[in-house]
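Below is one structure, written out as structure tokens, with a few remarks after it.
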Amino acid sequence: MKTAYDIIKRPIVTEQSMEGAADKRYAFEVARDAGKIEIKKAVEEVFGVKVSKVNTLNYTGKLKRQGYTQGRRPNWKKAYVTLAPDSKPIEFFEGMY
């Protein structure tokens, strides 16, 4: 059984994701095998907020070369979490935008 901290790997802090924070929409890197319901429960448990919607995107790792050798970066999954209008914002993102 995975814990909430196994599902949510890290927050994604970029200009685009910080613009969404004003509308209570936050971006996280999550476990590749996590579903939307698991992500929703994990965010609610870790941050103590109410989630209304979860959107996910799967990213393929980029191909990288160094001379003759080549490899790939790992594949990863991103989740956009939208909070309910009556929910409090996530404190971690408060001073960043």
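Starting from 1 in every chain, residues are counted up; chains themselves are A, B, ... following the order of the structure tokens, and ligands are numbered from 1 as listed.
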
Skip range 80-96 of chain A itself and residues of its chain fewer than 4 positions away, then list as a short mmCIF file (atom, residue, chain, number, x, y, z; two decimals) with N, CA and C atoms, in the first residue's frame all residues within 8 Å of it, counting only C-alpha atoms.
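Contents of the output file part_35.cif:
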data_model
loop_
_atom_site.label_atom_id
_atom_site.label_comp_id
_atom_site.auth_asym_id
_atom_site.auth_seq_id
_atom_site.Cartn_x
_atom_site.Cartn_y
_atom_site.Cartn_z
N MET A 18 2.58 28.88 -11.25
CA MET A 18 2.31 29.89 -10.23
C MET A 18 1.16 30.80 -10.63
N ALA A 21 -1.88 29.15 -9.46
CA ALA A 21 -2.05 29.12 -8.01
C ALA A 21 -3.01 30.22 -7.54
N LYS A 24 -6.34 28.72 -7.45
CA LYS A 24 -6.33 27.48 -6.66
C LYS A 24 -6.12 26.26 -7.55
N ARG A 25 -5.20 26.38 -8.49
CA ARG A 25 -4.83 25.25 -9.36
C ARG A 25 -3.33 25.04 -9.20
N TYR A 26 -2.93 23.85 -8.76
CA TYR A 26 -1.55 23.56 -8.43
C TYR A 26 -1.05 22.38 -9.25
N ALA A 27 0.27 22.35 -9.50
CA ALA A 27 0.88 21.28 -10.31
C ALA A 27 1.83 20.47 -9.43
N PHE A 28 1.79 19.14 -9.61
CA PHE A 28 2.64 18.23 -8.86
C PHE A 28 3.19 17.17 -9.80
N LYS A 40 -6.08 12.60 -5.75
CA LYS A 40 -7.02 13.46 -5.01
C LYS A 40 -6.95 13.18 -3.51
N PHE A 47 -2.19 18.05 2.50
CA PHE A 47 -2.33 19.50 2.66
C PHE A 47 -3.60 19.92 3.40
N VAL A 49 -6.82 20.05 2.35
CA VAL A 49 -7.69 20.87 1.50
C VAL A 49 -8.75 19.98 0.85
N LYS A 50 -9.69 20.61 0.15
CA LYS A 50 -10.73 19.87 -0.57
C LYS A 50 -10.49 20.02 -2.07
N VAL A 51 -10.29 18.90 -2.76
CA VAL A 51 -9.98 18.90 -4.20
C VAL A 51 -11.26 18.70 -4.99
N SER A 52 -11.45 19.51 -6.04
CA SER A 52 -12.63 19.35 -6.88
C SER A 52 -12.33 18.65 -8.19
N LYS A 53 -11.09 18.81 -8.72
CA LYS A 53 -10.79 18.22 -10.03
C LYS A 53 -9.30 17.90 -10.12
N VAL A 54 -8.98 16.81 -10.84
CA VAL A 54 -7.59 16.41 -11.08
C VAL A 54 -7.43 16.13 -12.56
N ASN A 55 -6.44 16.75 -13.18
CA ASN A 55 -6.09 16.47 -14.58
C ASN A 55 -4.66 15.94 -14.59
N THR A 56 -4.41 14.89 -15.39
CA THR A 56 -3.08 14.29 -15.42
C THR A 56 -2.52 14.29 -16.84
#

For this session: Name all residues at most 12 Å from Gly35 in chain A (count only C-alpha atoms; drop same-chain ones fewer than 6 positions away) and give them as JSON, numbers by chain.
Result: {"A": [7, 8, 41, 42, 54, 55, 56, 57, 58, 77, 78, 79]}

For this session: Determine which residues of range 26-89 of chain A receive a DSSP assignment of alpha helix (DSSP H), computed from the backbone, and state them as a list in words.
Result: Lys36, Ile37, Glu38, Ile39, Lys40, Lys41, Ala42, Val43, Glu44, Glu45, Val46 and Phe47 of chain A

For this session: Just give me the gap between CA of Gln70 in chain A and CA of Arg32 in chain A in Å, one decimal is fine.
Result: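 Result for CA of Gln70 in chain A versus CA of Arg32 in chain A: 23.4 Å, one decimal.
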
Based on DSSP run over this structure's backbone, return all residues of range 9-41 of chain A in strand (DSSP E), as a CSV table (one decimal) with N, CA and C atoms, in the first residue's frame.
chain,number,residue,atom,x,y,z
A,9,LYS,N,5.3,13.2,-5.5
A,9,LYS,CA,6.8,13.3,-5.5
A,9,LYS,C,7.3,14.7,-5.1
A,10,ARG,N,6.8,15.7,-5.9
A,10,ARG,CA,7.3,17.0,-5.6
A,10,ARG,C,6.3,18.0,-6.3
A,11,PRO,N,6.2,19.3,-5.7
A,11,PRO,CA,5.5,20.3,-6.4
A,11,PRO,C,6.3,20.8,-7.6
A,25,ARG,N,-5.2,26.4,-8.5
A,25,ARG,CA,-4.8,25.3,-9.4
A,25,ARG,C,-3.3,25.0,-9.2
A,26,TYR,N,-2.9,23.9,-8.8
A,26,TYR,CA,-1.6,23.6,-8.4
A,26,TYR,C,-1.0,22.4,-9.2
A,27,ALA,N,0.3,22.3,-9.5
A,27,ALA,CA,0.9,21.3,-10.3
A,27,ALA,C,1.8,20.5,-9.4
A,28,PHE,N,1.8,19.1,-9.6
A,28,PHE,CA,2.6,18.2,-8.9
A,28,PHE,C,3.2,17.2,-9.8
A,29,GLU,N,4.4,16.7,-9.5
A,29,GLU,CA,4.9,15.5,-10.1
A,29,GLU,C,4.4,14.3,-9.3
A,30,VAL,N,3.8,13.3,-9.9
A,30,VAL,CA,3.2,12.2,-9.1
A,30,VAL,C,3.8,10.9,-9.6

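Minimum atom-to-atom distances from A:Ile12, A:Asp33, A:Gly61, A:Gly20 to Arg73 in chain A were compared using only C-alpha atoms, and the lowest value belongs to A:Gly61.
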
Problem set entry | Residue nearest Thr60 in chain A among A:Asp6, A:Pro74, A:Gly48, A:Met1 (counting only C-alpha atoms) |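 Nearest candidate to Thr60 in chain A out of A:Asp6, A:Pro74, A:Gly48, A:Met1: A:Pro74.
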
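In this structure, CA of Glu19 in chain A sits 25.9 Å away from CA of Lys62 in chain A.
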
Problem set entry | Which of A:Ala31, A:Glu15, A:Thr3, A:Gly67 sits closest to Glu45 in chain A [using only C-alpha atoms] |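 For Glu45 in chain A, the nearest of the candidates is A:Thr3.
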